[in-house]
$ cat model-v2.tsv   # TSV, C-alpha atoms
chain	number	residue	atom	x	y	z
A	1	MET	CA	0.00	0.00	0.00
A	2	LEU	CA	2.80	2.39	0.96
A	3	ALA	CA	4.65	1.60	-2.27
A	4	ARG	CA	1.54	2.39	-4.33
A	5	THR	CA	1.04	5.69	-2.53
A	6	LEU	CA	4.67	6.70	-3.13
A	7	ALA	CA	4.36	5.77	-6.82
A	8	LEU	CA	1.26	7.91	-7.22
A	9	LEU	CA	3.00	10.79	-5.43
A	10	GLY	CA	5.97	10.46	-7.73
A	11	MET	CA	3.74	10.60	-10.81
A	12	SER	CA	2.03	13.75	-9.50
A	13	VAL	CA	5.36	15.49	-8.92
A	14	ALA	CA	6.52	14.50	-12.41
A	15	LEU	CA	3.38	15.97	-13.98
A	16	VAL	CA	3.82	19.22	-12.07
A	17	LEU	CA	7.46	19.50	-13.14
A	18	ALA	CA	6.54	18.78	-16.75
A	19	ALA	CA	3.90	21.50	-16.70
A	20	CYS	CA	6.26	24.03	-15.13
A	21	GLY	CA	9.22	23.27	-17.38
A	22	PRO	CA	12.85	22.69	-16.43
A	23	SER	CA	13.15	25.80	-14.30
A	24	GLY	CA	9.84	25.33	-12.47
A	25	GLY	CA	8.54	28.68	-13.85
A	26	SER	CA	5.69	29.37	-16.26
A	27	SER	CA	6.35	29.05	-19.98
A	28	LYS	CA	2.99	30.46	-21.03
A	29	ALA	CA	3.24	32.81	-24.01
A	30	THR	CA	1.93	36.32	-23.50
A	31	VAL	CA	-0.07	38.43	-25.96
A	32	ALA	CA	2.10	41.17	-27.42
A	33	PHE	CA	1.64	44.36	-29.42
A	34	GLU	CA	4.16	46.85	-30.75
A	35	VAL	CA	3.45	50.57	-30.65
A	36	ARG	CA	5.51	52.49	-33.19
A	37	ALA	CA	5.62	55.74	-35.11
A	38	PRO	CA	3.77	55.91	-38.46
A	39	VAL	CA	5.63	54.94	-41.63
A	40	GLY	CA	8.04	57.70	-42.58
A	41	GLU	CA	8.46	58.99	-39.02
A	42	LYS	CA	11.29	58.04	-36.68
A	43	ALA	CA	11.16	57.95	-32.90
A	44	ASP	CA	14.31	58.57	-30.88
A	45	ALA	CA	15.06	57.08	-27.46
A	46	ALA	CA	13.52	60.02	-25.57
A	47	ALA	CA	10.27	59.76	-27.57
A	48	LEU	CA	10.03	56.02	-26.95
A	49	GLU	CA	10.58	56.49	-23.22
A	50	LEU	CA	7.73	59.02	-23.15
A	51	VAL	CA	5.48	56.56	-25.01
A	52	LYS	CA	6.47	53.80	-22.57
A	53	THR	CA	5.65	55.96	-19.54
A	54	ALA	CA	2.33	57.19	-20.95
A	55	LEU	CA	1.18	53.73	-22.06
A	56	THR	CA	1.97	52.27	-18.64
A	57	GLU	CA	-0.41	54.87	-17.16
A	58	ARG	CA	-3.06	54.40	-19.87
A	59	LEU	CA	-3.14	50.61	-19.45
A	60	LYS	CA	-2.84	50.49	-15.66
A	61	GLU	CA	-6.49	49.48	-15.18
A	62	PHE	CA	-6.93	47.68	-18.50
A	63	LYS	CA	-8.32	44.15	-18.64
A	64	PRO	CA	-6.78	41.68	-19.43
A	65	ALA	CA	-4.03	42.68	-17.05
A	66	LEU	CA	-0.84	44.27	-18.27
A	67	ILE	CA	2.41	42.33	-17.88
A	68	GLY	CA	4.67	45.16	-18.89
A	69	VAL	CA	5.59	47.95	-21.29
A	70	GLN	CA	9.15	48.20	-22.57
A	71	VAL	CA	11.16	49.47	-25.52
A	72	ASN	CA	11.71	46.54	-27.90
A	73	ALA	CA	15.09	44.92	-28.58
A	74	THR	CA	15.66	46.89	-31.79
A	75	GLY	CA	14.93	50.22	-30.11
A	76	ASP	CA	12.39	51.40	-32.68
A	77	ALA	CA	9.06	50.67	-30.94
A	78	VAL	CA	7.44	50.05	-27.57
A	79	LEU	CA	6.35	46.50	-26.70
A	80	VAL	CA	3.07	46.03	-24.77
A	81	GLU	CA	2.43	42.59	-23.27
A	82	LEU	CA	-0.88	41.37	-21.83
A	83	ARG	CA	-1.57	38.29	-19.71
A	84	ALA	CA	-4.45	36.98	-21.83
A	85	GLU	CA	-6.06	37.25	-25.24
A	86	PRO	CA	-8.30	40.36	-25.38
A	87	LYS	CA	-11.91	39.94	-26.48
A	88	PRO	CA	-13.02	41.90	-29.57
A	89	GLU	CA	-14.54	44.70	-27.47
A	90	GLN	CA	-11.35	44.81	-25.40
A	91	ILE	CA	-9.26	45.12	-28.57
A	92	ALA	CA	-11.31	48.19	-29.50
A	93	ALA	CA	-10.71	49.60	-26.01
A	94	LEU	CA	-6.99	48.82	-26.30
A	95	GLU	CA	-6.81	50.69	-29.60
A	96	ALA	CA	-8.66	53.64	-28.06
A	97	ARG	CA	-6.15	53.77	-25.19
A	98	VAL	CA	-3.11	53.49	-27.44
A	99	GLU	CA	-3.76	55.07	-30.84
A	100	THR	CA	-3.96	58.74	-29.90
A	101	SER	CA	-1.32	61.35	-29.19
A	102	GLY	CA	-3.31	62.58	-26.18
A	103	ALA	CA	-3.61	66.09	-27.65
A	104	PHE	CA	-6.64	67.61	-25.88
A	105	ALA	CA	-7.98	71.09	-26.55
A	106	ILE	CA	-11.05	73.29	-26.09
A	107	LEU	CA	-11.60	75.34	-29.25
A	108	PRO	CA	-14.14	77.89	-30.48
A	109	VAL	CA	-16.37	76.64	-33.29
A	110	VAL	CA	-16.61	78.67	-36.49
A	111	GLN	CA	-20.28	78.77	-37.50
A	112	PRO	CA	-21.41	78.69	-41.17
A	113	ASP	CA	-22.62	82.30	-40.93
A	114	SER	CA	-19.42	83.51	-39.21
A	115	LEU	CA	-18.03	86.90	-40.19
A	116	GLU	CA	-14.54	85.78	-39.21
A	117	PRO	CA	-12.13	86.63	-42.04
A	118	GLY	CA	-11.73	83.69	-44.39
A	119	ALA	CA	-14.36	81.52	-42.68
A	120	ALA	CA	-16.77	81.43	-45.62
A	121	ASP	CA	-13.93	80.70	-48.04
A	122	GLN	CA	-12.72	77.84	-45.84
A	123	ARG	CA	-16.14	76.23	-45.87
A	124	GLU	CA	-16.20	76.40	-49.65
A	125	THR	CA	-12.69	74.93	-49.73
A	126	MET	CA	-13.83	72.06	-47.52
A	127	LEU	CA	-16.88	71.31	-49.67
A	128	GLU	CA	-14.79	71.31	-52.85
A	129	TRP	CA	-12.24	68.94	-51.30
A	130	ARG	CA	-14.94	66.56	-50.07
A	131	ALA	CA	-16.57	66.52	-53.50
A	132	ALA	CA	-13.22	65.44	-54.97
A	133	HIS	CA	-12.50	62.99	-52.12
A	134	PRO	CA	-15.86	61.41	-51.14
A	135	GLU	CA	-14.14	58.82	-48.91
A	136	GLY	CA	-11.73	61.33	-47.35
A	137	THR	CA	-11.66	62.03	-43.62
A	138	ALA	CA	-11.40	65.30	-41.74
A	139	ALA	CA	-7.90	64.31	-40.61
A	140	GLN	CA	-6.84	63.81	-44.24
A	141	PHE	CA	-8.31	67.18	-45.19
A	142	ASN	CA	-6.44	68.85	-42.31
A	143	ALA	CA	-3.19	67.25	-43.52
A	144	THR	CA	-3.65	68.62	-47.05
A	145	PRO	CA	-1.55	71.76	-47.70
A	146	PRO	CA	-3.55	74.91	-48.58
A	147	GLU	CA	-1.94	75.04	-52.03
A	148	LEU	CA	-3.39	71.57	-52.72
A	149	GLY	CA	-6.88	72.44	-51.54
A	150	GLY	CA	-6.51	72.03	-47.79
A	151	PRO	CA	-7.45	74.44	-44.98
A	152	LEU	CA	-5.49	77.46	-43.84
A	153	PRO	CA	-3.37	76.81	-40.71
A	154	THR	CA	-5.79	78.84	-38.56
A	155	PHE	CA	-8.68	76.45	-39.27
A	156	ARG	CA	-9.10	72.77	-38.44
A	157	TRP	CA	-11.97	70.40	-39.06
A	158	PHE	CA	-13.23	67.63	-36.76
A	159	SER	CA	-15.85	64.96	-37.35
A	160	TYR	CA	-18.50	63.91	-34.86
A	161	ARG	CA	-17.74	60.53	-33.31
A	162	GLN	CA	-21.36	59.44	-33.62
A	163	ALA	CA	-21.76	60.90	-37.14
A	164	PRO	CA	-18.43	60.97	-39.05
A	165	GLU	CA	-20.10	62.57	-42.06
A	166	ARG	CA	-20.72	65.73	-40.01
A	167	TRP	CA	-17.70	68.02	-39.82
A	168	LEU	CA	-17.16	70.98	-37.53
A	169	CYS	CA	-14.80	73.87	-38.22
A	170	CYS	CA	-12.69	75.23	-35.34
A	171	ASP	CA	-10.45	78.25	-34.98
A	172	VAL	CA	-7.06	76.97	-33.77
A	173	THR	CA	-5.30	80.35	-33.71
A	174	GLY	CA	-5.28	80.35	-29.92
A	175	LEU	CA	-3.20	77.16	-29.71
A	176	ALA	CA	-0.13	79.22	-30.61
A	177	SER	CA	0.21	80.65	-27.10
A	178	PRO	CA	-0.28	79.32	-23.54
A	179	ALA	CA	-2.19	82.54	-22.79
A	180	THR	CA	-4.91	81.71	-25.31
A	181	ARG	CA	-5.19	77.91	-25.16
A	182	PHE	CA	-6.51	75.21	-22.87
A	183	THR	CA	-4.99	71.77	-23.42
A	184	GLU	CA	-4.21	68.51	-21.59
A	185	SER	CA	-1.46	70.27	-19.60
A	186	ASP	CA	-4.19	72.40	-17.96
A	187	LEU	CA	-6.27	69.41	-16.80
A	188	ASP	CA	-6.11	68.22	-13.20
A	189	PRO	CA	-5.41	64.43	-13.25
A	190	ALA	CA	-7.19	64.06	-9.89
A	191	GLY	CA	-10.21	65.94	-11.26
A	192	LEU	CA	-10.81	63.49	-14.11
A	193	ARG	CA	-13.50	61.06	-12.94
A	194	ARG	CA	-16.27	58.80	-14.16
A	195	GLY	CA	-19.84	60.06	-14.31
A	196	LEU	CA	-23.19	59.87	-16.09
A	197	ASP	CA	-24.78	62.47	-18.34
A	198	LYS	CA	-28.34	63.78	-17.93
A	199	VAL	CA	-29.88	60.80	-19.72
A	200	GLY	CA	-27.72	58.15	-18.08
A	201	TYR	CA	-24.91	57.61	-20.58
A	202	PRO	CA	-21.34	57.26	-19.23
A	203	CYS	CA	-19.38	60.49	-19.35
A	204	ILE	CA	-16.28	62.10	-17.85
A	205	HIS	CA	-16.16	65.04	-15.49
A	206	ALA	CA	-13.01	67.11	-16.03
A	207	GLU	CA	-11.52	69.94	-13.99
A	208	PRO	CA	-8.74	72.44	-14.66
A	209	LEU	CA	-5.69	72.55	-12.45
A	210	PRO	CA	-6.42	74.98	-9.59
A	211	ALA	CA	-3.81	77.35	-10.97
A	212	ARG	CA	-5.50	77.31	-14.41
A	213	ALA	CA	-9.15	77.65	-13.35
A	214	ALA	CA	-9.11	81.44	-13.73
A	215	HIS	CA	-7.51	81.04	-17.14
A	216	LEU	CA	-10.29	78.69	-18.31
A	217	LEU	CA	-12.91	81.09	-16.95
A	218	ALA	CA	-11.39	84.06	-18.79
A	219	LEU	CA	-10.93	82.07	-21.98
A	220	THR	CA	-14.49	80.74	-22.13
A	221	THR	CA	-16.11	84.00	-21.02
A	222	GLN	CA	-15.47	85.36	-24.51
A	223	TRP	CA	-17.20	82.29	-26.02
A	224	VAL	CA	-20.45	82.50	-24.02
A	225	ASP	CA	-23.53	82.12	-26.28
A	226	GLY	CA	-21.30	80.38	-28.80
A	227	GLN	CA	-20.30	76.78	-29.47
A	228	VAL	CA	-17.05	75.21	-28.31
A	229	ALA	CA	-15.48	71.89	-29.26
A	230	CYS	CA	-13.65	69.58	-26.88
A	231	VAL	CA	-11.31	67.48	-29.02
A	232	LEU	CA	-8.76	64.75	-28.44
A	233	GLY	CA	-6.36	64.27	-31.31
A	234	GLU	CA	-8.56	64.19	-34.41
A	235	GLU	CA	-11.71	63.16	-32.52
A	236	LEU	CA	-14.51	65.49	-31.49
A	237	LEU	CA	-15.58	64.50	-27.98
A	238	THR	CA	-18.36	67.03	-27.44
A	239	ALA	CA	-19.43	70.40	-28.85
A	240	PRO	CA	-21.79	72.21	-26.44
A	241	PHE	CA	-23.20	75.72	-26.73
A	242	LEU	CA	-22.01	77.70	-23.72
A	243	ASN	CA	-24.67	79.41	-21.62
A	244	SER	CA	-22.03	80.44	-19.11
A	245	ALA	CA	-18.25	80.38	-18.83
A	246	LEU	CA	-16.38	77.32	-17.59
A	247	GLY	CA	-14.53	77.90	-14.35
A	248	GLY	CA	-14.62	74.51	-12.67
A	249	SER	CA	-15.80	71.00	-13.52
A	250	PHE	CA	-17.20	70.40	-17.00
A	251	PRO	CA	-18.52	67.24	-18.68
A	252	LEU	CA	-17.19	65.35	-21.69
A	253	GLU	CA	-20.20	63.46	-23.04
A	254	ASP	CA	-21.14	61.87	-26.35
A	255	ARG	CA	-23.20	58.75	-25.55
A	256	PHE	CA	-20.08	56.77	-24.70
A	257	THR	CA	-20.16	53.11	-23.71
A	258	GLU	CA	-18.46	52.28	-20.42
A	259	LEU	CA	-15.45	50.83	-22.29
A	260	GLU	CA	-15.16	53.97	-24.45
A	261	ARG	CA	-15.52	56.23	-21.42
A	262	ASP	CA	-12.91	54.33	-19.41
A	263	ALA	CA	-10.47	54.28	-22.34
A	264	LEU	CA	-10.86	58.03	-22.80
A	265	LEU	CA	-10.43	58.59	-19.08
A	266	ASP	CA	-7.13	56.68	-19.04
A	267	VAL	CA	-5.83	58.61	-22.06
A	268	LEU	CA	-6.72	61.99	-20.54
A	269	ARG	CA	-5.16	61.11	-17.17
A	270	ALA	CA	-1.95	60.00	-18.85
A	271	ALA	CA	-1.92	63.13	-21.03
A	272	ALA	CA	-2.48	65.38	-18.01
A	273	LEU	CA	0.37	63.64	-16.15
A	274	HIS	CA	2.91	63.16	-18.92
A	275	GLY	CA	1.81	65.32	-21.86
A	276	ARG	CA	0.89	64.39	-25.40
A	277	LEU	CA	2.89	61.78	-27.29
A	278	PRO	CA	5.42	62.92	-29.91
A	279	PHE	CA	3.66	61.00	-32.70
A	280	LYS	CA	0.34	59.29	-33.44
A	281	PRO	CA	0.99	55.69	-32.31
A	282	VAL	CA	0.42	52.69	-34.58
A	283	LEU	CA	-0.61	49.44	-32.83
A	284	LYS	CA	0.46	46.13	-34.37
A	285	ARG	CA	0.14	42.56	-33.09
A	286	VAL	CA	3.52	40.78	-32.88
A	287	MET	CA	4.87	37.41	-31.80
A	288	PRO	CA	4.92	37.23	-28.00
A	289	THR	CA	7.92	36.62	-25.82
A	290	THR	CA	8.00	33.50	-23.64
A	291	LYS	CA	7.97	33.85	-19.90
$ encode --input "model-v2.tsv" --output "structure tokens"
Amino acid sequence: MLARTLALLGMSVALVLAACGPSGGSSKATVAFEVRAPVGEKADAAALELVKTALTERLKEFKPALIGVQVNATGDAVLVELRAEPKPEQIAALEARVETSGAFAILPVVQPDSLEPGAADQRETMLEWRAAHPEGTAAQFNATPPELGGPLPTFRWFSYRQAPERWLCCDVTGLASPATRFTESDLDPAGLRRGLDKVGYPCIHAEPLPARAAHLLALTTQWVDGQVACVLGEELLTAPFLNSALGGSFPLEDRFTELERDALLDVLRAAALHGRLPFKPVLKRVMPTTK
């Protein structure tokens, strides 16, 4: 009886050792993605370190859990490793957390009947470009030089997330100076929190840094009774009409799902802490390392 028990014990130990491998550690392959600069752009060591730091913050609460973020062996991209295979909806959330530079801004909207110099001409320019490029995006139009039919540098167009065919024109002149802009560097990371809008959709409540609250109030006072756009990268988050100036907390709402809201929240927190990324990241699945 004792001999049989010892034999069974020996078989159990052997199975455990076989499962663990020679070193007794796990040999399970992780799920890996590379984050790199777009084709034609190069990222130096400092840029990659910034991407690494920001992505670590953006993915801190992501599910499946993050194993690590590191610069790859060839020094031309950042490697992101997860503990499990993401579900399709999690892949979309991963892309939303990764594929943005984190460039946030509040901008005045240029209305179709605006008397601002050049505004009417810019709308005609946009309509002509869209007629020639029916599948073109607002980002592609913005990247087109004026001499090739694109917008003047003082204007930028953004599409509604819920309705990409609707474009909104913004005046970006104020981004040239800290005295006339409000960006991710003015957001309080601790003031970014989850919430619900008036009809129950997930939204984000944002606050300026205490030292920049007066600046936001002064900036938006001149836009009262007008429309402003809150944008992140090339995406229009919300475009409310202001009944009063913004001096404290303000909502970012656009009928987000919880996954979309949480992804946006992580991006904004990372941007407020570390700044915008030096390039628009490109996410690509790669062969995993073995642990």
$ closest_atom_pairs --input "model-v2.tsv" --of "range 199-272 of chain A" --to "range 108-117 of chain A" --cutoff "8 Å" --atoms "only C-alpha atoms" --output "tab-separated table"
residue	atom	partner	partner_atom	distance
A:Trp223	CA	A:Pro108	CA	7.0
A:Gly226	CA	A:Val109	CA	7.6
A:Gln227	CA	A:Val109	CA	5.5
A:Val228	CA	A:Pro108	CA	4.5
A:Ala229	CA	A:Pro108	CA	6.3
$ residues_around --input "model-v2.tsv" --residues "Ser244 in chain A" --least-positions-apart "2" --cutoff "10 Å" --atoms "all atoms listed in the file" --output "list in words"
Leu217, Thr220, Thr221, Gln222, Trp223, Val224, Asp225, Gly226, Phe241, Leu242, Leu246 and Gly247 of chain A
$ write_last_selection --input "model-v2.tsv" --atoms "C-alpha atoms" --output "CSV table (one decimal), in the coordinates of the input"
chain,number,residue,atom,x,y,z
A,217,LEU,CA,-12.9,81.1,-17.0
A,220,THR,CA,-14.5,80.7,-22.1
A,221,THR,CA,-16.1,84.0,-21.0
A,222,GLN,CA,-15.5,85.4,-24.5
A,223,TRP,CA,-17.2,82.3,-26.0
A,224,VAL,CA,-20.4,82.5,-24.0
A,225,ASP,CA,-23.5,82.1,-26.3
A,226,GLY,CA,-21.3,80.4,-28.8
A,241,PHE,CA,-23.2,75.7,-26.7
A,242,LEU,CA,-22.0,77.7,-23.7
A,246,LEU,CA,-16.4,77.3,-17.6
A,247,GLY,CA,-14.5,77.9,-14.4
$ closest_residue --input "model-v2.tsv" --among "A:Gln90, A:Ser185, A:Ser177, A:Thr154" --to "Ala119 in chain A" --atoms "only C-alpha atoms"
A:Thr154
$ residues_around --input "model-v2.tsv" --residues "Leu265 in chain A" --least-positions-apart "6" --cutoff "9 Å" --atoms "only C-alpha atoms" --output "JSON, numbers by chain"
{"A": [58, 97, 192, 193, 194, 204]}
$ atom_distance --input "model-v2.tsv" --atom1 "CA of Ala270 in chain A" --atom2 "CA of Ala176 in chain A"
22.6 Å
$ residues_around --input "model-v2.tsv" --residues "Gly233 in chain A" --least-positions-apart "4" --cutoff "12 Å" --atoms "all atoms listed in the file" --output "JSON, numbers by chain"
{"A": [96, 98, 99, 100, 101, 102, 103, 104, 105, 106, 138, 139, 142, 156, 157, 158, 159, 183, 184, 237, 264, 267, 268, 271, 276, 277, 278, 279, 280, 281]}
$ closest_residue --input "model-v2.tsv" --among "A:Leu82, A:Ala93, A:Leu55, A:Val231" --to "Phe33 in chain A" --atoms "only C-alpha atoms"
A:Leu82
$ residues_around --input "model-v2.tsv" --residues "Gln70 in chain A" --least-positions-apart "5" --cutoff "8 Å" --atoms "only C-alpha atoms" --output "number ranges by chain"
A: 52, 78-80
$ write_last_selection --input "model-v2.tsv" --atoms "C-alpha atoms" --output "PDB file, in the frame of the given file"
ATOM      1  CA  LYS A  52       6.470  53.800 -22.570  1.00  0.00           C
ATOM      2  CA  VAL A  78       7.440  50.050 -27.570  1.00  0.00           C
ATOM      3  CA  LEU A  79       6.350  46.500 -26.700  1.00  0.00           C
ATOM      4  CA  VAL A  80       3.070  46.030 -24.770  1.00  0.00           C
TER       5      VAL A  80
END
$ closest_residue --input "model-v2.tsv" --among "A:Leu187, A:Ile91, A:Ala131, A:Leu232" --to "Leu216 in chain A" --atoms "only C-alpha atoms"
A:Leu187
$ atom_distance --input "model-v2.tsv" --atom1 "CA of Arg166 in chain A" --atom2 "CA of Gly136 in chain A"
12.4 Å
$ atom_distance --input "model-v2.tsv" --atom1 "CA of Ala239 in chain A" --atom2 "CA of Trp167 in chain A"
11.4 Å
$ closest_residue --input "model-v2.tsv" --among "A:Ala77, A:Cys169, A:Ala132, A:Leu94" --to "Gly149 in chain A" --atoms "only C-alpha atoms"
A:Ala132
$ closest_residue --input "model-v2.tsv" --among "A:Leu175, A:Ala214, A:Val51, A:Leu252" --to "Gly195 in chain A" --atoms "all atoms listed in the file"
A:Leu252
$ residues_around --input "model-v2.tsv" --residues "Glu135 in chain A" --least-positions-apart "6" --cutoff "12 Å" --atoms "only C-alpha atoms" --output "PyMOL selection string"
chain A and resi 129+141+164-165
$ closest_residue --input "model-v2.tsv" --among "A:Pro145, A:Pro251, A:Pro134, A:Pro86" --to "Lys63 in chain A" --atoms "only C-alpha atoms"
A:Pro86
